[in-house]
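Engineer: The structure file coords00.cif (mmCIF, C-alpha atoms) is provided below.
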data_entry
#
loop_
_atom_site.label_atom_id
_atom_site.label_comp_id
_atom_site.auth_asym_id
_atom_site.auth_seq_id
_atom_site.Cartn_x
_atom_site.Cartn_y
_atom_site.Cartn_z
CA ALA A 1 0.00 0.00 0.00
CA GLY A 2 2.88 2.33 0.83
CA ASP A 3 4.59 1.71 -2.51
CA LEU A 4 1.28 2.20 -4.31
CA ARG A 5 0.72 5.53 -2.58
CA LEU A 6 4.25 6.74 -3.48
CA TYR A 7 3.68 5.65 -7.08
CA LYS A 8 0.50 7.72 -7.08
CA TYR A 9 2.42 10.80 -5.94
CA ARG A 10 5.06 10.20 -8.63
CA THR A 11 2.61 9.75 -11.51
CA MET A 12 0.60 12.84 -10.50
CA ASP A 13 3.75 14.97 -10.22
CA LEU A 14 3.33 14.76 -6.46
CA GLY A 15 -0.01 16.61 -6.51
CA LEU A 16 -2.15 16.55 -3.37
CA ALA A 17 -4.88 13.99 -3.94
CA GLU A 18 -8.03 15.26 -2.28
CA ASP A 19 -9.38 11.76 -1.45
CA HIS A 20 -6.23 11.09 0.59
CA PHE A 21 -6.83 14.02 2.92
CA SER A 22 -10.61 14.26 2.90
CA ARG A 23 -11.30 12.27 6.09
CA PRO A 24 -12.22 14.22 9.24
CA VAL A 25 -9.27 15.22 11.40
CA GLY A 26 -10.46 13.08 14.27
CA SER A 27 -10.27 9.86 12.26
CA LEU A 28 -6.62 10.17 11.25
CA VAL A 29 -4.33 7.30 12.22
CA ALA A 30 -0.56 7.03 12.49
CA SER A 31 -0.26 5.47 9.02
CA ASP A 32 -1.48 8.72 7.41
CA ILE A 33 1.45 10.63 8.86
CA GLU A 34 3.88 7.88 7.92
CA GLN A 35 2.65 7.81 4.32
CA LEU A 36 2.97 11.60 4.14
CA LYS A 37 6.57 11.41 5.42
CA LEU A 38 7.41 8.86 2.73
CA ALA A 39 5.83 11.09 0.09
CA ILE A 40 7.96 14.04 1.28
CA GLU A 41 11.14 11.97 0.95
CA GLU A 42 10.11 10.87 -2.53
CA CYS A 43 9.45 14.51 -3.43
CA LYS A 44 12.96 15.49 -2.27
CA LYS A 45 14.50 12.81 -4.50
CA LEU A 46 12.48 13.97 -7.49
CA ILE A 47 13.64 17.57 -7.00
CA LEU A 48 17.28 16.42 -7.17
CA GLU A 49 16.61 14.36 -10.31
CA LEU A 50 14.86 17.10 -12.29
CA PRO A 51 16.84 19.68 -14.35
CA GLU A 52 17.93 22.60 -12.20
CA HIS A 53 15.79 25.77 -12.46
CA SER A 54 13.28 23.95 -14.71
CA GLU A 55 9.55 24.65 -14.41
CA ARG A 56 8.89 21.09 -13.25
CA GLN A 57 11.47 21.43 -10.49
CA LYS A 58 9.90 24.72 -9.33
CA ASP A 59 6.44 23.13 -9.31
CA THR A 60 7.76 20.16 -7.36
CA VAL A 61 9.29 22.47 -4.74
CA VAL A 62 5.86 24.08 -4.31
CA LYS A 63 4.30 20.62 -3.87
CA LEU A 64 6.95 19.76 -1.27
CA ILE A 65 6.00 22.87 0.71
CA HIS A 66 2.34 21.85 0.56
CA LEU A 67 3.15 18.33 1.75
CA ARG A 68 5.17 19.64 4.70
CA LEU A 69 2.41 22.04 5.68
CA LYS A 70 -0.11 19.21 5.49
CA LEU A 71 2.12 17.06 7.70
CA GLN A 72 2.34 19.87 10.24
CA GLU A 73 -1.45 20.18 10.17
CA LEU A 74 -1.99 16.44 10.74
CA LYS A 75 0.50 16.35 13.61
CA ASP A 76 -1.46 18.92 15.66
CA PRO A 77 -3.66 16.85 18.00
CA GLU A 78 -4.55 19.64 20.43
CA GLU A 79 -6.90 21.66 18.20
CA ASP A 80 -10.37 20.53 17.17
CA GLU A 81 -9.80 22.52 13.95
CA PRO A 82 -6.29 23.15 12.55
CA ASN A 83 -5.09 26.74 12.33
CA LEU A 84 -3.82 26.24 8.77
CA ARG A 85 -5.31 24.17 5.98
CA ILE A 86 -4.04 23.76 2.42
CA LEU A 87 -6.56 23.07 -0.35
CA LEU A 88 -6.34 23.67 -4.12
CA GLU A 89 -3.40 26.05 -3.55
CA HIS A 90 -5.47 28.03 -1.02
CA ARG A 91 -3.71 28.65 2.31
CA PHE A 92 -6.63 28.81 4.71
CA SER A 93 -5.96 30.43 8.07
CA LYS A 94 -8.38 29.91 10.95
CA GLU A 95 -10.03 33.17 11.94
CA LYS A 96 -10.04 34.36 15.53
CA SER A 97 -12.70 37.08 15.23
CA LYS A 98 -16.11 36.18 16.64
CA SER A 99 -17.91 39.49 16.21
CA VAL A 100 -17.34 40.42 12.55
CA LYS A 101 -20.16 39.23 10.31
CA GLN A 102 -18.91 37.69 7.05
CA THR A 103 -20.48 35.77 4.17
CA CYS A 104 -19.23 32.36 3.07
CA ASP A 105 -17.87 32.46 -0.49
CA LYS A 106 -18.94 28.86 -1.08
CA CYS A 107 -22.53 28.65 0.21
CA SER A 108 -23.32 32.41 0.24
CA THR A 109 -24.77 32.26 3.76
CA ILE A 110 -23.73 34.27 6.80
CA ILE A 111 -20.81 33.06 8.90
CA TRP A 112 -21.79 33.25 12.57
CA GLY A 113 -18.38 33.63 14.21
CA LEU A 114 -19.68 32.97 17.72
CA ILE A 115 -20.78 29.43 16.93
CA GLN A 116 -19.10 28.53 13.63
CA THR A 117 -15.46 27.94 12.69
CA TRP A 118 -14.40 29.76 9.54
CA TYR A 119 -11.27 30.27 7.46
CA THR A 120 -9.79 32.94 5.17
CA CYS A 121 -7.30 32.21 2.38
CA THR A 122 -4.23 34.37 2.99
CA GLY A 123 -3.62 34.52 -0.76
CA CYS A 124 -6.96 35.52 -2.32
CA TYR A 125 -9.05 36.26 0.82
CA TYR A 126 -11.60 33.57 0.02
CA ARG A 127 -13.76 33.09 3.15
CA CYS A 128 -15.75 30.01 4.01
CA HIS A 129 -17.19 27.87 6.79
CA SER A 130 -15.06 24.98 7.97
CA LYS A 131 -17.86 22.64 6.89
CA CYS A 132 -17.76 24.07 3.32
CA MET A 133 -14.03 23.60 2.73
CA ASN A 134 -14.29 20.10 1.27
CA LEU A 135 -16.83 21.43 -1.27
CA ILE A 136 -14.45 24.04 -2.75
CA THR A 137 -13.60 23.40 -6.41
CA LYS A 138 -12.01 26.72 -7.44
CA PRO A 139 -8.19 27.02 -7.06
CA CYS A 140 -6.64 30.03 -5.34
CA VAL A 141 -6.66 33.08 -7.63
CA ARG A 142 -3.23 34.16 -6.38
CA SER A 143 -1.62 31.22 -8.20
CA LYS A 144 -3.16 32.49 -11.45
CA VAL A 145 -1.86 35.99 -10.72
CA SER A 146 1.63 34.58 -10.07
CA HIS A 147 1.77 32.49 -13.25
CA GLN A 148 -0.39 34.52 -15.64
CA SER A 149 -0.20 38.23 -14.82
CA GLU A 150 -2.31 39.61 -17.64
CA TYR A 151 -5.74 41.11 -18.16
CA GLU A 152 -8.56 40.29 -20.51
CA LEU A 153 -8.32 43.31 -22.84
CA SER A 154 -11.53 42.78 -24.82
CA ILE A 155 -14.55 44.67 -23.52
CA CYS A 156 -17.06 42.19 -22.07
CA PRO A 157 -16.20 39.28 -24.45
CA GLU A 158 -19.63 37.62 -24.33
CA ILE A 159 -20.07 34.23 -26.01
CA GLY A 160 -23.76 33.78 -25.21
CA LEU A 161 -25.64 31.78 -22.60
CA ASP A 162 -26.43 29.05 -25.11
CA ARG A 163 -22.69 28.46 -25.65
CA GLN A 164 -22.48 27.87 -21.90
CA ASP A 165 -25.22 25.26 -22.19
CA TYR A 166 -27.33 27.47 -19.89
CA ARG A 167 -25.06 26.68 -16.97
CA CYS A 168 -22.99 28.79 -14.59
CA ALA A 169 -19.49 29.31 -15.99
CA GLU A 170 -17.97 28.39 -12.62
CA CYS A 171 -20.07 25.82 -10.73
CA ARG A 172 -22.05 24.56 -13.78
CA SER A 173 -25.41 24.82 -12.05
CA PRO A 174 -28.42 25.54 -14.36
CA VAL A 175 -29.17 29.26 -14.97
CA SER A 176 -31.46 31.28 -17.23
CA LEU A 177 -32.24 34.91 -18.01
CA ARG A 178 -35.75 34.36 -16.61
CA GLY A 179 -34.33 33.45 -13.22
CA VAL A 180 -35.57 29.83 -13.27
CA PRO A 181 -34.11 27.82 -11.63
CA SER A 182 -31.44 30.48 -10.93
CA GLU A 183 -30.83 33.97 -12.31
CA ALA A 184 -28.06 34.27 -14.90
CA ARG A 185 -25.80 37.19 -14.00
CA GLN A 186 -23.23 38.45 -16.47
CA CYS A 187 -19.67 39.32 -15.43
CA ASP A 188 -18.52 42.41 -17.31
CA TYR A 189 -14.88 41.29 -17.08
CA THR A 190 -15.14 37.75 -18.50
CA GLY A 191 -18.37 38.26 -20.46
CA GLN A 192 -19.69 34.95 -19.10
CA TYR A 193 -22.82 34.20 -17.08
CA TYR A 194 -22.87 32.97 -13.49
CA CYS A 195 -25.38 31.88 -10.87
CA SER A 196 -26.24 34.04 -7.86
CA THR A 197 -23.95 31.94 -5.67
CA CYS A 198 -20.89 32.69 -7.85
CA HIS A 199 -21.91 36.26 -8.75
CA TRP A 200 -22.91 38.60 -5.91
CA ASN A 201 -23.23 41.74 -8.06
CA ASP A 202 -19.89 43.07 -6.80
CA THR A 203 -18.54 45.94 -8.86
CA ALA A 204 -15.03 46.70 -10.09
CA VAL A 205 -13.21 48.94 -12.57
CA ILE A 206 -12.72 46.98 -15.81
CA PRO A 207 -9.19 47.26 -17.33
CA ALA A 208 -10.36 46.89 -20.95
CA ARG A 209 -12.82 49.78 -20.58
CA VAL A 210 -10.10 51.98 -19.05
CA ILE A 211 -7.56 51.27 -21.78
CA HIS A 212 -9.88 51.60 -24.76
CA ASN A 213 -12.43 54.18 -23.55
CA TRP A 214 -10.77 55.80 -20.50
CA GLU A 215 -13.89 54.73 -18.59
CA PHE A 216 -13.68 54.11 -14.84
CA GLU A 217 -17.29 53.38 -13.94
CA PRO A 218 -17.39 50.17 -11.82
CA ARG A 219 -19.21 47.27 -13.49
CA LYS A 220 -20.75 44.11 -12.08
CA VAL A 221 -18.35 41.16 -11.90
CA CYS A 222 -18.44 37.63 -10.50
CA ARG A 223 -16.66 36.71 -7.26
CA SER A 224 -13.66 35.05 -8.91
CA SER A 225 -13.13 38.07 -11.21
CA MET A 226 -13.48 40.38 -8.22
CA ARG A 227 -10.71 38.56 -6.35
CA TYR A 228 -8.48 38.41 -9.44
CA LEU A 229 -8.88 42.13 -10.21
CA THR A 230 -8.24 43.02 -6.56
CA LEU A 231 -4.94 41.12 -6.58
CA MET A 232 -3.92 42.43 -10.01
CA ILE A 233 -4.70 46.12 -9.47
CA PRO A 234 -1.20 47.11 -8.16
CA ARG A 235 0.72 45.03 -10.74
CA PRO A 236 2.40 47.01 -13.58
CA VAL A 237 1.39 44.81 -16.53
CA LEU A 238 -0.12 47.38 -18.91
CA LYS A 239 2.15 48.67 -21.68
CA LEU A 240 -0.07 51.47 -22.96
CA LYS A 241 2.06 52.54 -25.91
CA GLU A 242 1.63 49.06 -27.40
CA ILE A 243 -1.96 48.33 -26.33
CA ASN A 244 -3.46 51.73 -27.21
CA PRO A 245 -0.88 54.41 -28.13
CA LEU A 246 -3.62 56.83 -29.25
CA LEU A 247 -4.68 57.19 -25.61
CA PHE A 248 -1.83 59.68 -25.10
CA ASN A 249 -3.36 61.93 -27.77
CA PHE A 250 -6.62 62.29 -25.85
CA VAL A 251 -5.59 62.16 -22.18
CA GLU A 252 -3.34 65.08 -21.24
CA GLU A 253 -2.75 63.71 -17.76
CA LEU A 254 -1.05 60.63 -19.24
CA VAL A 255 1.42 62.82 -21.13
CA GLU A 256 2.20 64.73 -17.94
CA ILE A 257 2.79 61.55 -15.95
CA ARG A 258 4.98 60.08 -18.71
CA LYS A 259 7.19 63.21 -18.66
CA LEU A 260 7.52 63.07 -14.86
CA ARG A 261 8.48 59.39 -15.03
CA GLN A 262 11.05 60.05 -17.75
CA ASP A 263 12.57 62.81 -15.61
CA ILE A 264 12.75 60.50 -12.59
CA LEU A 265 14.61 57.90 -14.66
CA LEU A 266 17.11 60.63 -15.63
CA MET A 267 17.53 61.54 -11.94
CA LYS A 268 18.08 57.93 -10.84
CA PRO A 269 21.81 57.77 -11.90
CA TYR A 270 22.50 60.81 -9.69
CA PHE A 271 20.98 59.11 -6.65
CA ILE A 272 22.62 55.70 -7.00
CA THR A 273 26.06 57.36 -7.11
CA CYS A 274 25.35 59.88 -4.33
CA LYS A 275 26.13 58.88 -0.75
CA GLU A 276 23.80 61.48 0.76
CA ALA A 277 20.90 60.40 -1.46
CA MET A 278 21.46 56.75 -0.54
CA GLU A 279 21.54 57.59 3.16
CA ALA A 280 18.38 59.68 2.83
CA ARG A 281 16.79 56.82 0.84
CA LEU A 282 15.19 59.23 -1.56
CA LEU A 283 14.18 56.55 -4.05
CA LEU A 284 12.14 54.82 -1.33
CA GLN A 285 9.58 57.58 -1.77
CA LEU A 286 8.49 55.51 -4.78
CA GLN A 287 8.52 52.15 -3.03
CA ASP A 288 4.78 51.72 -3.61
CA ARG A 289 5.36 52.18 -7.34
CA GLN A 290 8.71 50.45 -7.81
CA HIS A 291 8.21 50.25 -11.58
CA PHE A 292 8.51 54.05 -11.77
CA VAL A 293 12.25 53.78 -11.13
CA GLU A 294 12.64 50.89 -13.59
CA ASN A 295 10.86 52.06 -16.74
CA ASP A 296 8.50 54.74 -18.06
CA ASP A 297 6.05 52.68 -20.10
CA MET A 298 4.50 50.10 -17.76
CA TYR A 299 1.39 51.00 -15.77
CA SER A 300 -0.77 49.27 -13.20
CA LEU A 301 -4.53 49.64 -13.15
CA GLN A 302 -4.14 51.52 -9.87
CA ASP A 303 -1.82 53.99 -11.64
CA LEU A 304 -4.50 54.72 -14.25
CA ILE A 305 -7.22 55.11 -11.60
CA ASP A 306 -5.01 57.54 -9.66
CA ILE A 307 -4.24 59.46 -12.87
CA SER A 308 -7.96 59.90 -13.58
CA THR A 309 -8.61 61.26 -10.08
CA GLY A 310 -5.54 63.55 -10.14
CA ARG A 311 -4.03 61.85 -7.09
CA LEU A 312 -0.97 60.50 -8.92
CA SER A 313 -0.17 63.82 -10.58
CA CYS A 314 -0.06 65.59 -7.22
CA SER A 315 2.08 62.99 -5.43
CA LEU A 316 4.48 62.45 -8.34
CA THR A 317 4.96 66.20 -8.88
CA GLU A 318 5.84 66.57 -5.20
CA ILE A 319 8.38 63.72 -5.39
CA HIS A 320 9.82 65.17 -8.63
CA THR A 321 10.31 68.54 -6.89
CA THR A 322 12.06 66.88 -3.94
CA PHE A 323 14.39 64.93 -6.22
CA ALA A 324 15.26 67.99 -8.33
CA LYS A 325 15.90 70.10 -5.22
CA HIS A 326 18.43 67.57 -3.93
CA ILE A 327 20.32 67.45 -7.23
CA LYS A 328 20.29 71.15 -8.10
CA LEU A 329 20.40 72.85 -4.69
CA ASP A 330 21.12 70.59 -1.71
CA CYS A 331 23.94 68.32 -2.89
CA GLU A 332 27.26 69.70 -4.16
CA ARG A 333 28.29 66.30 -5.58
CA CYS A 334 25.16 66.10 -7.71
CA GLN A 335 25.53 69.74 -8.78
CA ALA A 336 29.06 68.96 -9.99
CA LYS A 337 27.58 66.45 -12.46
CA GLY A 338 25.64 69.16 -14.28
CA PHE A 339 26.35 70.37 -17.83
CA VAL A 340 27.29 73.64 -19.53
CA CYS A 341 25.73 74.27 -22.92
CA GLU A 342 28.66 73.92 -25.32
CA LEU A 343 26.79 75.71 -28.10
CA CYS A 344 26.26 79.07 -26.39
CA LYS A 345 28.49 78.57 -23.32
CA GLU A 346 26.13 80.79 -21.36
CA GLY A 347 23.53 80.42 -18.65
CA ASP A 348 23.23 78.25 -15.55
CA ILE A 349 24.28 74.67 -15.02
CA LEU A 350 22.01 72.35 -17.00
CA PHE A 351 20.58 68.95 -16.09
CA PRO A 352 18.96 66.41 -18.45
CA PHE A 353 15.61 66.60 -16.64
CA ASP A 354 15.28 70.40 -16.97
CA SER A 355 12.26 71.40 -19.04
CA HIS A 356 14.25 73.82 -21.27
CA THR A 357 17.01 71.37 -22.24
CA SER A 358 17.63 68.77 -24.94
CA VAL A 359 19.87 65.72 -24.67
CA CYS A 360 22.07 64.32 -27.42
CA HIS A 361 20.90 60.77 -28.15
CA ASP A 362 24.44 59.58 -28.92
CA CYS A 363 26.59 60.99 -26.10
CA SER A 364 23.97 62.25 -23.58
CA ALA A 365 25.39 65.77 -23.54
CA VAL A 366 22.91 68.44 -22.42
CA PHE A 367 22.19 71.73 -24.24
CA HIS A 368 19.64 74.52 -24.18
CA ARG A 369 16.72 73.37 -26.28
CA ASP A 370 16.75 76.47 -28.46
CA CYS A 371 20.51 76.18 -29.02
CA TYR A 372 20.26 72.50 -29.88
CA TYR A 373 17.55 72.89 -32.52
CA ASP A 374 19.02 76.11 -33.97
CA ASN A 375 22.42 74.45 -34.34
CA SER A 376 23.02 73.34 -37.91
CA THR A 377 26.20 71.43 -37.05
CA THR A 378 26.62 68.20 -35.14
CA CYS A 379 26.95 67.88 -31.38
CA PRO A 380 30.33 69.35 -30.25
CA LYS A 381 30.95 66.46 -27.87
CA CYS A 382 30.27 63.86 -30.57
CA THR A 383 32.60 65.78 -32.90
CA ARG A 384 35.43 65.59 -30.33
CA PHE A 385 34.89 61.85 -29.89
CA THR A 386 35.10 61.35 -33.65
CA GLU A 387 38.30 63.39 -33.91
CA ARG A 388 39.92 61.43 -31.07
CA LYS A 389 39.11 58.15 -32.77
CA GLN A 390 40.65 59.45 -35.97
CA ASP A 391 43.81 60.50 -34.07
CA ASP A 392 44.12 57.04 -32.53
CA ILE A 393 44.20 55.33 -35.93
CA PRO A 394 47.81 54.48 -36.98
CA GLU A 395 49.19 56.46 -39.94
CA GLU A 396 49.64 53.36 -42.14
CA LYS A 397 45.93 52.50 -41.73
CA LYS A 398 44.94 56.09 -42.61
CA ALA A 399 46.99 55.81 -45.81
#
Turn this file's structure into structure tokens for me.

Structural biologist:
Amino acid sequence: AGDLRLYKYRTMDLGLAEDHFSRPVGSLVASDIEQLKLAIEECKKLILELPEHSERQKDTVVKLIHLRLKLQELKDPEEDEPNLRILLEHRFSKEKSKSVKQTCDKCSTIIWGLIQTWYTCTGCYYRCHSKCMNLITKPCVRSKVSHQSEYELSICPEIGLDRQDYRCAECRSPVSLRGVPSEARQCDYTGQYYCSTCHWNDTAVIPARVIHNWEFEPRKVCRSSMRYLTLMIPRPVLKLKEINPLLFNFVEELVEIRKLRQDILLMKPYFITCKEAMEARLLLQLQDRQHFVENDDMYSLQDLIDISTGRLSCSLTEIHTTFAKHIKLDCERCQAKGFVCELCKEGDILFPFDSHTSVCHDCSAVFHRDCYYDNSTTCPKCTRFTERKQDDIPEEKKA
């Protein structure tokens, strides 16, 4: 029996078989723990055998973590209900609160904390009664976010209730537009229809409507879409200039934010080579939007929402002012890295993020914008580089 169980783990890529762990906690015997220990050892061997850094090895490591957590859960004999339960990649944590009224995501009834045990998934915040856990069929949404961080970019891609065989897209229970036996509710994100148990008429901002129509009105979505959109909202996965570049022609705020982000990227080299800036941790002012110091073209849905309300423009302008003040006024080392316009040789020290400057694309030299565009010759710095290269060429090669 032990060898058969290990073979089962091997053939299923060491997946957690639900029938193996579905018995009530009170009926567990010592052999369950022993079989789980053997499965963990087999999992360790498989990890060593698989190619290093391969997807299968990574997946097997995740399965090993699940097996160890399950073993820890089964070894706890003091609790009537375990504090942590692993199911379909959900990590359910036992809730301590008795007074907060919640609704079970599985059966859609109220959770009475005073008399009922309930759990919350720490990954996707799925809540359910303890008695409903073995009925869950939907995997944790966080795993989808981790492996497939992308949005549906078609606006409400409906396929029709008949294509769904008049069944809920999630639980497959019968639904109809007439509400018999259950009302069919459409999710504006997926375009599919769901029953009232899987669709509670929650509302959310739809990414496709924002990108194509700059529309932020919340629309009705099913529970699984609601959890997915909630987890995805801070992730910078939208490359607007590829998805809808014309959006910048109609939304002035986007152009303003893009310029501020480009300036911040030009300021970044000053900070990473400045001891005072590193000690002051200036770049940590953008820790909630880390992608702003990495690129200027990726946006999260939260970024776009904050742009529409004006919140991002205010906060980013303030940070931009703080950064520029450090470089141009507060820090002598950063000031020493400024430029003098080599075309007119007049005026103050220039920096690449100044609004009245232009930067040479080849050598990154900085000039007054008017001087740069009025100049009919090439960049003076590029000219010197070319002359030096010519001087370094041996005479016989020049001949």

Engineer: Might you spell out which residues the PyMOL selection byres ((chain A and resi 297-314) around 6) would select in the displayed file, as number ranges by chain?

Structural biologist: A: 233-239, 295-296, 315-317

Engineer: Would you compute the distance between CA of Tyr270 (chain A) and CA of Lys241 (chain A)? Give it in Å to one decimal.

Structural biologist: 27.4 Å

Engineer: Expressed in Å to a single decimal, how great is the separation between CA of Lys381 (chain A) and CA of Leu265 (chain A)?

Structural biologist: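 Those two atoms sit 22.7 Å apart.
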
Engineer: Give the answer as one residue: which of A:Glu152, A:Asp202, A:Ser54, A:Asp263 has the shortest atom-to-atom distance to Ile243 (chain A), using only C-alpha atoms?

Structural biologist: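 Distance minimum relative to Ile243 (chain A) lands on A:Glu152.
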
Engineer: Hey, what comes out of the PyMOL selection byres ((chain A and resi 64) around 9) on this file? Could you write it as a PDB file with C-alpha atoms, keeping the file's coordinate frame?

Structural biologist:
ATOM      1  CA  LEU A  14       3.330  14.760  -6.460  1.00  0.00           C
ATOM      2  CA  ALA A  39       5.830  11.090   0.090  1.00  0.00           C
ATOM      3  CA  ILE A  40       7.960  14.040   1.280  1.00  0.00           C
ATOM      4  CA  CYS A  43       9.450  14.510  -3.430  1.00  0.00           C
ATOM      5  CA  LYS A  44      12.960  15.490  -2.270  1.00  0.00           C
ATOM      6  CA  ASP A  59       6.440  23.130  -9.310  1.00  0.00           C
ATOM      7  CA  THR A  60       7.760  20.160  -7.360  1.00  0.00           C
ATOM      8  CA  VAL A  61       9.290  22.470  -4.740  1.00  0.00           C
ATOM      9  CA  VAL A  62       5.860  24.080  -4.310  1.00  0.00           C
ATOM     10  CA  LYS A  63       4.300  20.620  -3.870  1.00  0.00           C
ATOM     11  CA  ILE A  65       6.000  22.870   0.710  1.00  0.00           C
ATOM     12  CA  HIS A  66       2.340  21.850   0.560  1.00  0.00           C
ATOM     13  CA  LEU A  67       3.150  18.330   1.750  1.00  0.00           C
ATOM     14  CA  ARG A  68       5.170  19.640   4.700  1.00  0.00           C
ATOM     15  CA  LEU A  69       2.410  22.040   5.680  1.00  0.00           C
TER      16      LEU A  69
END

Engineer: Could you pull out every residue with an atom within 12 Å of (-10.9, 50.8, -20.9), file coordinates, counting all atoms listed in the file, and send them as a ChimeraX atom specification?

Structural biologist: /A:151-156,188-189,205-219,238,240,243-244,247,301,304-305

Engineer: Between A:Ile349, A:Met232, A:Leu135, A:Ala280, which has the minimum distance to His326 (chain A) (counting only C-alpha atoms)?

Structural biologist: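 Closest residue, counting only C-alpha atoms: A:Ala280.
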
Engineer: Report the distance between CA of Glu253 (chain A) and CA of Asp374 (chain A) in Å, rounded to one decimal place.

Structural biologist: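 Distance between the two atoms: 29.8 Å.
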
Engineer: Do you know which residues the PyMOL selection byres ((chain A and resi 177-182) around 10) returns on this file, as an MDAnalysis selection string?

Structural biologist: chainID A and resid 161 166:168 173:176 183:186 193:197

Engineer: For each of A:Thr190, A:Asn134, A:Ser143, A:Thr230, take the minimum atom-to-atom distance to Pro157 (chain A), counting only C-alpha atoms, then give the residue where this is smallest.

Structural biologist: A:Thr190

Engineer: If we count all atoms listed in the file and set the cut-off at 12 Å, which residues sit around Cys132 (chain A), ignoring sequence neighbours fewer than 2 positions away in its own chain? Please answer as a PDB file with C-alpha atoms, in the coordinates of the input.

Structural biologist:
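So around.pdb came out as:
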ATOM      1  CA  LEU A  87      -6.560  23.070  -0.350  1.00  0.00           C
ATOM      2  CA  CYS A 104     -19.230  32.360   3.070  1.00  0.00           C
ATOM      3  CA  ASP A 105     -17.870  32.460  -0.490  1.00  0.00           C
ATOM      4  CA  LYS A 106     -18.940  28.860  -1.080  1.00  0.00           C
ATOM      5  CA  CYS A 107     -22.530  28.650   0.210  1.00  0.00           C
ATOM      6  CA  SER A 108     -23.320  32.410   0.240  1.00  0.00           C
ATOM      7  CA  THR A 109     -24.770  32.260   3.760  1.00  0.00           C
ATOM      8  CA  ILE A 111     -20.810  33.060   8.900  1.00  0.00           C
ATOM      9  CA  GLN A 116     -19.100  28.530  13.630  1.00  0.00           C
ATOM     10  CA  THR A 117     -15.460  27.940  12.690  1.00  0.00           C
ATOM     11  CA  TRP A 118     -14.400  29.760   9.540  1.00  0.00           C
ATOM     12  CA  TYR A 119     -11.270  30.270   7.460  1.00  0.00           C
ATOM     13  CA  TYR A 126     -11.600  33.570   0.020  1.00  0.00           C
ATOM     14  CA  ARG A 127     -13.760  33.090   3.150  1.00  0.00           C
ATOM     15  CA  CYS A 128     -15.750  30.010   4.010  1.00  0.00           C
ATOM     16  CA  HIS A 129     -17.190  27.870   6.790  1.00  0.00           C
ATOM     17  CA  SER A 130     -15.060  24.980   7.970  1.00  0.00           C
ATOM     18  CA  ASN A 134     -14.290  20.100   1.270  1.00  0.00           C
ATOM     19  CA  LEU A 135     -16.830  21.430  -1.270  1.00  0.00           C
ATOM     20  CA  ILE A 136     -14.450  24.040  -2.750  1.00  0.00           C
ATOM     21  CA  THR A 137     -13.600  23.400  -6.410  1.00  0.00           C
TER      22      THR A 137
END

Engineer: Contacts of Ser146 (chain A) at 12 Å or less, counting all atoms listed in the file, minus same-chain residues fewer than 4 places along, as a list in words?

Structural biologist: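 Once the adjacent positions are removed, what remains is Glu89, Gly123, Cys124, Cys140, Val141, Arg142, Glu150, Tyr228, Leu231, Met232 and Arg235 of chain A.
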
Engineer: Smallest atom-to-atom distance to Arg369 (chain A): which of A:Gln285, A:Ser224, A:Ser97, A:Ser355, using all atoms listed in the file?

Structural biologist: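 Between A:Gln285, A:Ser224, A:Ser97, A:Ser355, the residue approaching Arg369 (chain A) most closely is A:Ser355.
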
Engineer: Nearest to Gln164 (chain A) among A:Phe339, A:Gln192, A:Glu387, A:Gln102, with distances taken over all atoms listed in the file: which residue is it?

Structural biologist: A:Gln192

Engineer: Up to 10 Å from (30.4, 69.0, -26.0) in the file's coordinates: name the residues, counting all atoms listed in the file, as a ChimeraX atom specification.

Structural biologist: /A:339-343,360,363-367,378-385

Engineer: May I ask which of the residues A:Asp354, A:Glu95, A:Glu41, A:Glu158 is the closest one to Leu114 (chain A), counting only C-alpha atoms?

Structural biologist: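 For Leu114 (chain A), the nearest of the candidates is A:Glu95.
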